[in-house]
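Report on the structure given below.
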Amino acid sequence: MTEPDLRGCADEPIRIPGAVQPHGVLLAVHEPGLEVAVASANAAELFGRDVGEVTLAELVGDDAARRLGGEELAVLNPLRATANGRDVDLVAHRADGLLVVELEPVEHAHTADLVWHRRLPLTLQRLQAAPTLDDLTAVLASEVRTLTGFDRVMVYRFDPEWNGEVIAEDRRADLEPFLGLRYPAGDIPAQARALYATTWMRLIPDSGYERVPLEPATHPDSGRPLDLSGAMLRSVSLVHLEYLATMGVVASMSISLIDDGRLRLRVESNGPEHADTRVIQGGTVSDRKGVNLPGVVLPLSAMTEKDRADLRFALDIPVDWVALSFVQRPEDMIELRGLVQGRAACLAKIEKPQALERLEAILDHSDGLMVARGDLGVELALEDVPIAQKTIIRAARRRGAPVIVATQMLESMISSAFPTRAEASDVANAVYEGADALMLSAESASGQYPLEAVRMMDRIIARVEHDPRWPGLMAAEHAEQGGRADLDAIASAACRAAETARAACLVAFTARGATARRISRERPLQPVLALTPSVESARRMALGWGLEPRVANDPVGEDDMAAQAVEAAAALGFAGPGAPVVVVAGVPFGFAGSTNLLRIAHVAETEG
């Protein structure tokens with residue numbers, strides 16, 4: 001490490017993570033009365049009673065409950081209380097309108113109070129104040145291991161691209177050294193990364209703790225998973241403990257300045273139920289991690305039994321679009337469409353190289369595509385991902401199918417209020433390439449700045465679409481020979497007519513959205529109002545670029561068609577009195593695929 005690196009190490013806060021899974025007992029209570037709404041399955045064991053329909057005051061005492069309800073949690077945590085005659089440390093955070101309370105039994109209160117409540121803050125201060133790597137390592141060796149009893153403590157240093165290296169460690173003498181291990185970006189989940197970057201984690205010995213049996217808890221009103229991202233009492237999962245036990249490690253911890261990593265294994269040999277691998281790039285192993293097999297066509301359906309159950313649930317809600325992950329072949333989409341039976345539109349997530357090789361065949365059975373760059377970047381060489389993105393977008397636009405670009409668009413905004421310049425350029429380039437939609441992932445799902453990320457993406461998109469060069473770049477590609485050339489001709493002519501006539505907007509009467517999507521593909525500078533008698537079609541068309549879908553009755557003739565078009569355009573504020581409107585429809589009305597009519601109508605002048 002260089003001296004500037006060391007100074008940077010001293011300047012930025014040192015985050016002390018545990019694993020993401022809380023331990024102890026969890027309660028979710030309603031405020032202000034603090035009535036228990038949800039409890040972990042092990043709650044009765046701690047309290048010696050059923051905790052249903054009781055208040056927190058009945059479980060931990062009036063004083064603790066009063067302080068939880070009236071004091072600032074950031075100052076209060078952790079709070080010492082008594083539950084069923086046992087001393088417990090209590091930590092709380094607010095989520096989804098509930099107060100989520102974690103309780104950790106403290107077996108030797110006077111000792112623990114001295115260690116955790118007095119020595120720990122001092123140790124953290126010394127860690128943060130360490131001016132050099134040597135000083136930081138000395139604090140680890142002299143204080144952290146003594147305080148925690150952990151067998152190994154490590155410092156990770158990560159570069160701006162999230163590639164990391166173990167740069168310091170203090171370990172038990174008989175353990176294998178990890179010093180110098182390098183980690184390419186990509187392994188730590190975004191939620192964990194956001195937590196590590198923003199929250200001081202409490203140091204607790206991780207051996208002997210079991211995870212709270214929540215999968216996770218669900219909100220009693222909405223049924224959605226309860227947000228546990230603010231939990232502070234955390235332990236290593238059983239998977240970690242079993243792995244560490246084979247190395248003779250009782251407990252371990254790491255200190256991460258910024259975090260991410262990836263494991264790479266090479267399969268040396270395999271059998272029906274096992275694979276022997278060699279570690280090419282080491283790292284931390286945790287549960288619920290995905291496995292990629294680059295260059296391998298898996299002889300498996302893209303859908304698991306859980307996927308099928310989730311799909312049945314989604315279709316019963318119902319949903320407008322269903323996206324299938326890890327599509328490898330057109331048969332995967334054929335299987336999905338067979339299960340969906342027209343109850344939703346079907347989108348193929350392209351994240352495996354095998355899908356690129358059969359992209360046109362997959363498009364034959366898809367209503368849209370998603371460029372899922374996260375896994376695509378694992379399966380492909382990084383320098384190939386931009387080319388793959390352009391290939392997918394171009395293929396979708398030729399078909400008039402909506403295409404989404406997703407993953408790591410504004411990744412730094414998980415923990416920063418502003419993106420990098422490179423990320424802003426990445427978003428802009430996706431717009432220049434003709435994507436219908438851009439999608440945030442961890443930035444809005446678990447990041448600290450979800451609203452700011454959405455606003456920033458919207459600003460970049462709007463700025464690109466006001467670039468005078470943008471319309472020329474958006475000139476649509478010609479449809480393939482043998483496709484619906486008649487629809488393409490009508491759509492292209494409508495856009496040219498709108499430009500020549502200085503039309504206020506285009507109006508497309510469409511049964512299933514094909515005509516509207518083809519007009520959208522041309523990227524006209526005017527709004528595109530898509531009128532359909534089908535609520536389902538209207539909702540699905542919302543994904544198309546520039547489309548404003550609305551439900552309307554099928555016209556009964558050309559005059560009614562023109563009247564409906566100008567009335568709808570005027571009502572929505574797209575066209576003022578006397579403004580021309582380009583109308584596209586098909587005769588006979590109400591039949592999908594019959595588009596053959598283009599007309600220019602005018603909004604009536606205001607009287608008087």
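By convention here, the chains of the structure tokens are called A, B, ... in the order presented, each chain's residues are numbered starting at 1, and ligands are numbered starting at 1 in the order presented.
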Non-local contacts of Leu26 of chain A (6 Å; only C-alpha atoms; under 6 positions in same chain excluded) as a PDB file with C-alpha atoms, in the first residue's frame:
```pdb
ATOM      1  CA  ALA A  39     -42.313 -12.706  17.182  1.00  0.00           C
ATOM      2  CA  SER A  40     -39.578 -15.139  16.234  1.00  0.00           C
ATOM      3  CA  VAL A 101     -36.757  -5.192  18.795  1.00  0.00           C
ATOM      4  CA  GLU A 102     -33.865  -7.644  19.136  1.00  0.00           C
TER       5      GLU A 102
END
```
Residue neighbourhood Thr532 of chain A, 10 Å, only C-alpha atoms, exclusion window fewer than 5 positions, as a PyMOL selection string: chain A and resi 508-513+516+537-538+541+549-554+590
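Restricting the calculation to only C-alpha atoms, the smallest distance between Ala563 of chain A and any of A:Ala542, A:Val507, A:Ala314, A:Met474 is found for A:Val507.
For the set A:Leu356, A:Arg337, A:Thr407, A:Gly544, the residue with the smallest atom-to-atom gap to Gly368 of chain A is A:Gly544, counting only C-alpha atoms.
Atom CA of Gln526 of chain A sits 15.9 Å away from atom CA of Val464 of chain A.
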Near-segment 574-582 of chain A list (9 Å; only C-alpha atoms; drop same-chain fewer than 3 positions) as a ChimeraX atom specification: /A:494-495,497-498,501-508,526-527,529,562,565-566,568-571,598-606
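Closest approach to Asp486 of chain A among A:Asn596, A:Ser520, A:Asn77, A:Ser142 is made by A:Asn596 (distances from only C-alpha atoms).
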Excluding Gly97 of chain A and its own-chain neighbours fewer than 6 positions away, which residues fall within 12 Å of it when counting only C-alpha atoms? Please give them as a compact mmCIF listing (two decimals) with all heavy atoms, in the first residue's frame.
```
# COMPACT_ATOMS: atom_id res chain seq x y z
N ALA A 28 -41.56 -7.69 16.69
CA ALA A 28 -42.02 -6.51 15.98
C ALA A 28 -43.28 -6.03 16.69
O ALA A 28 -44.23 -6.80 16.85
CB ALA A 28 -42.29 -6.81 14.51
N VAL A 29 -43.27 -4.76 17.11
CA VAL A 29 -44.38 -4.26 17.94
C VAL A 29 -44.97 -3.02 17.31
O VAL A 29 -44.30 -2.26 16.61
CB VAL A 29 -43.90 -3.96 19.38
CG1 VAL A 29 -43.34 -5.20 20.03
CG2 VAL A 29 -42.86 -2.85 19.40
N HIS A 30 -46.27 -2.83 17.56
CA HIS A 30 -46.97 -1.62 17.12
C HIS A 30 -46.67 -0.47 18.08
O HIS A 30 -46.56 -0.68 19.30
CB HIS A 30 -48.49 -1.87 17.09
CG HIS A 30 -48.93 -2.84 16.06
ND1 HIS A 30 -48.88 -2.58 14.70
CD2 HIS A 30 -49.45 -4.10 16.17
CE1 HIS A 30 -49.33 -3.62 14.03
NE2 HIS A 30 -49.69 -4.56 14.89
N GLU A 31 -46.53 0.72 17.51
CA GLU A 31 -46.41 1.91 18.34
C GLU A 31 -47.72 2.70 18.30
O GLU A 31 -48.45 2.60 17.32
CB GLU A 31 -45.25 2.79 17.83
CG GLU A 31 -43.88 2.12 17.97
CD GLU A 31 -42.74 3.05 17.61
OE1 GLU A 31 -42.53 3.28 16.39
OE2 GLU A 31 -42.07 3.54 18.53
N PRO A 32 -48.08 3.43 19.33
CA PRO A 32 -47.27 3.72 20.52
C PRO A 32 -47.47 2.72 21.67
O PRO A 32 -46.76 2.76 22.65
CB PRO A 32 -47.75 5.10 20.94
CG PRO A 32 -49.21 5.09 20.55
CD PRO A 32 -49.29 4.28 19.29
N LEU A 34 -46.92 -0.45 21.87
CA LEU A 34 -45.90 -1.50 21.91
C LEU A 34 -46.52 -2.88 22.07
O LEU A 34 -45.97 -3.75 22.76
CB LEU A 34 -44.88 -1.23 23.01
CG LEU A 34 -44.13 0.12 22.93
CD1 LEU A 34 -43.07 0.19 24.02
CD2 LEU A 34 -43.50 0.31 21.57
N ALA A 37 -46.68 -7.67 17.55
CA ALA A 37 -47.35 -8.03 16.30
C ALA A 37 -46.77 -9.30 15.70
O ALA A 37 -47.50 -10.13 15.18
CB ALA A 37 -47.25 -6.89 15.28
N HIS A 219 -44.81 -8.73 7.55
CA HIS A 219 -45.56 -7.65 8.17
C HIS A 219 -46.99 -8.12 8.42
O HIS A 219 -47.62 -8.71 7.54
CB HIS A 219 -45.57 -6.43 7.24
CG HIS A 219 -46.00 -5.18 7.91
ND1 HIS A 219 -47.30 -4.94 8.26
CD2 HIS A 219 -45.30 -4.08 8.28
CE1 HIS A 219 -47.39 -3.75 8.81
NE2 HIS A 219 -46.19 -3.20 8.84
N PRO A 220 -47.53 -7.90 9.62
CA PRO A 220 -48.86 -8.44 9.94
C PRO A 220 -49.98 -7.84 9.11
O PRO A 220 -51.04 -8.45 8.97
CB PRO A 220 -49.03 -8.07 11.43
CG PRO A 220 -48.08 -6.94 11.65
CD PRO A 220 -46.92 -7.17 10.75
N ASP A 221 -49.77 -6.65 8.54
CA ASP A 221 -50.82 -6.01 7.75
C ASP A 221 -50.67 -6.27 6.26
O ASP A 221 -51.60 -6.70 5.59
CB ASP A 221 -50.83 -4.50 8.02
CG ASP A 221 -51.11 -4.19 9.48
OD1 ASP A 221 -51.89 -4.93 10.10
OD2 ASP A 221 -50.52 -3.22 9.99
N SER A 222 -49.46 -6.02 5.73
CA SER A 222 -49.26 -6.12 4.28
C SER A 222 -48.88 -7.52 3.82
O SER A 222 -49.06 -7.86 2.66
CB SER A 222 -48.17 -5.14 3.84
OG SER A 222 -46.91 -5.53 4.37
N LEU A 226 -40.68 -8.49 6.42
CA LEU A 226 -40.37 -7.40 7.34
C LEU A 226 -38.92 -6.97 7.12
O LEU A 226 -38.02 -7.79 6.99
CB LEU A 226 -40.56 -7.87 8.78
CG LEU A 226 -40.49 -6.81 9.87
CD1 LEU A 226 -41.60 -5.79 9.69
CD2 LEU A 226 -40.61 -7.46 11.23
N ASP A 227 -38.68 -5.67 7.07
CA ASP A 227 -37.35 -5.13 6.81
C ASP A 227 -36.48 -5.30 8.05
O ASP A 227 -36.70 -4.66 9.07
CB ASP A 227 -37.46 -3.66 6.43
CG ASP A 227 -36.11 -3.03 6.14
OD1 ASP A 227 -35.12 -3.78 6.09
OD2 ASP A 227 -36.05 -1.80 5.99
```
Residue list (strand (DSSP E or B), DSSP) for segment 305-419 of chain A, as a PyMOL selection string: chain A and resi 321-324+345-350+368-372+403-406
Would you mind exporting N, CA, C and O atoms of the selected residues as a compact mmCIF listing (two decimals), in the first residue's frame?
```
# COMPACT_ATOMS: atom_id res chain seq x y z
N TRP A 321 -46.49 -8.42 -16.14
CA TRP A 321 -45.35 -9.03 -16.81
C TRP A 321 -44.73 -10.10 -15.92
O TRP A 321 -44.70 -9.95 -14.69
N VAL A 322 -44.22 -11.14 -16.53
CA VAL A 322 -43.46 -12.17 -15.84
C VAL A 322 -42.11 -12.28 -16.52
O VAL A 322 -42.03 -12.45 -17.75
N ALA A 323 -41.03 -12.16 -15.75
CA ALA A 323 -39.68 -12.27 -16.31
C ALA A 323 -39.04 -13.59 -15.87
O ALA A 323 -39.13 -13.95 -14.70
N LEU A 324 -38.45 -14.30 -16.80
CA LEU A 324 -37.81 -15.58 -16.52
C LEU A 324 -36.30 -15.39 -16.52
O LEU A 324 -35.72 -14.91 -17.50
N ALA A 345 -47.74 -10.86 -19.87
CA ALA A 345 -46.71 -10.81 -20.91
C ALA A 345 -45.44 -11.45 -20.37
O ALA A 345 -45.16 -11.41 -19.17
N CYS A 346 -44.66 -12.06 -21.26
CA CYS A 346 -43.50 -12.84 -20.85
C CYS A 346 -42.21 -12.18 -21.33
O CYS A 346 -42.05 -11.91 -22.52
N LEU A 347 -41.31 -11.94 -20.40
CA LEU A 347 -40.05 -11.27 -20.69
C LEU A 347 -38.90 -12.21 -20.39
O LEU A 347 -38.87 -12.87 -19.35
N ALA A 348 -37.93 -12.29 -21.30
CA ALA A 348 -36.75 -13.16 -21.14
C ALA A 348 -35.59 -12.34 -20.60
O ALA A 348 -35.19 -11.35 -21.21
N LYS A 349 -35.05 -12.75 -19.46
CA LYS A 349 -33.84 -12.12 -18.94
C LYS A 349 -32.63 -12.78 -19.60
O LYS A 349 -32.43 -13.99 -19.46
N ILE A 350 -31.85 -12.00 -20.30
CA ILE A 350 -30.70 -12.54 -21.01
C ILE A 350 -29.47 -12.33 -20.13
O ILE A 350 -28.98 -11.21 -19.98
N GLY A 368 -40.75 -9.43 -24.63
CA GLY A 368 -39.75 -8.41 -24.36
C GLY A 368 -38.49 -9.06 -23.83
O GLY A 368 -38.47 -10.27 -23.53
N LEU A 369 -37.42 -8.26 -23.71
CA LEU A 369 -36.12 -8.77 -23.24
C LEU A 369 -35.60 -7.88 -22.12
O LEU A 369 -35.94 -6.70 -22.03
N MET A 370 -34.76 -8.46 -21.28
CA MET A 370 -34.02 -7.70 -20.28
C MET A 370 -32.54 -8.02 -20.42
O MET A 370 -32.16 -9.19 -20.48
N VAL A 371 -31.71 -6.97 -20.48
CA VAL A 371 -30.26 -7.15 -20.46
C VAL A 371 -29.85 -7.21 -19.00
O VAL A 371 -29.72 -6.18 -18.33
N ALA A 372 -29.69 -8.41 -18.46
CA ALA A 372 -29.36 -8.60 -17.04
C ALA A 372 -27.84 -8.64 -16.91
O ALA A 372 -27.22 -9.70 -16.90
N VAL A 403 -37.37 -3.48 -24.44
CA VAL A 403 -36.13 -4.03 -23.89
C VAL A 403 -35.71 -3.18 -22.70
O VAL A 403 -35.74 -1.96 -22.74
N ILE A 404 -35.34 -3.87 -21.61
CA ILE A 404 -34.94 -3.23 -20.36
C ILE A 404 -33.44 -3.46 -20.16
O ILE A 404 -32.95 -4.57 -20.38
N VAL A 405 -32.73 -2.43 -19.74
CA VAL A 405 -31.33 -2.59 -19.33
C VAL A 405 -31.30 -2.49 -17.80
O VAL A 405 -31.81 -1.53 -17.22
N ALA A 406 -30.70 -3.50 -17.16
CA ALA A 406 -30.79 -3.60 -15.70
C ALA A 406 -29.44 -3.95 -15.09
O ALA A 406 -28.55 -4.45 -15.77
```
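When atom CA of Leu380 of chain A is paired with atom CA of Ala396 of chain A, their separation reads 20.3 Å.
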Glu58 of chain A environment, 12 Å, only C-alpha atoms, sequence neighbours closer than 5 positions dropped, as JSON, numbers by chain: {"A": [33, 34, 35, 36, 47, 49, 50, 51, 52, 53, 63, 64, 65, 66, 82, 83, 84]}
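Closest approach to His93 of chain A among A:Gly338, A:Pro177, A:Gly61, A:Gly69: A:Gly69, based on only C-alpha atoms.
Using only C-alpha atoms, the nearest neighbour of Asn429 of chain A within the list A:Ala401, A:Ile393, A:Ala173, A:Met154 is A:Ile393.
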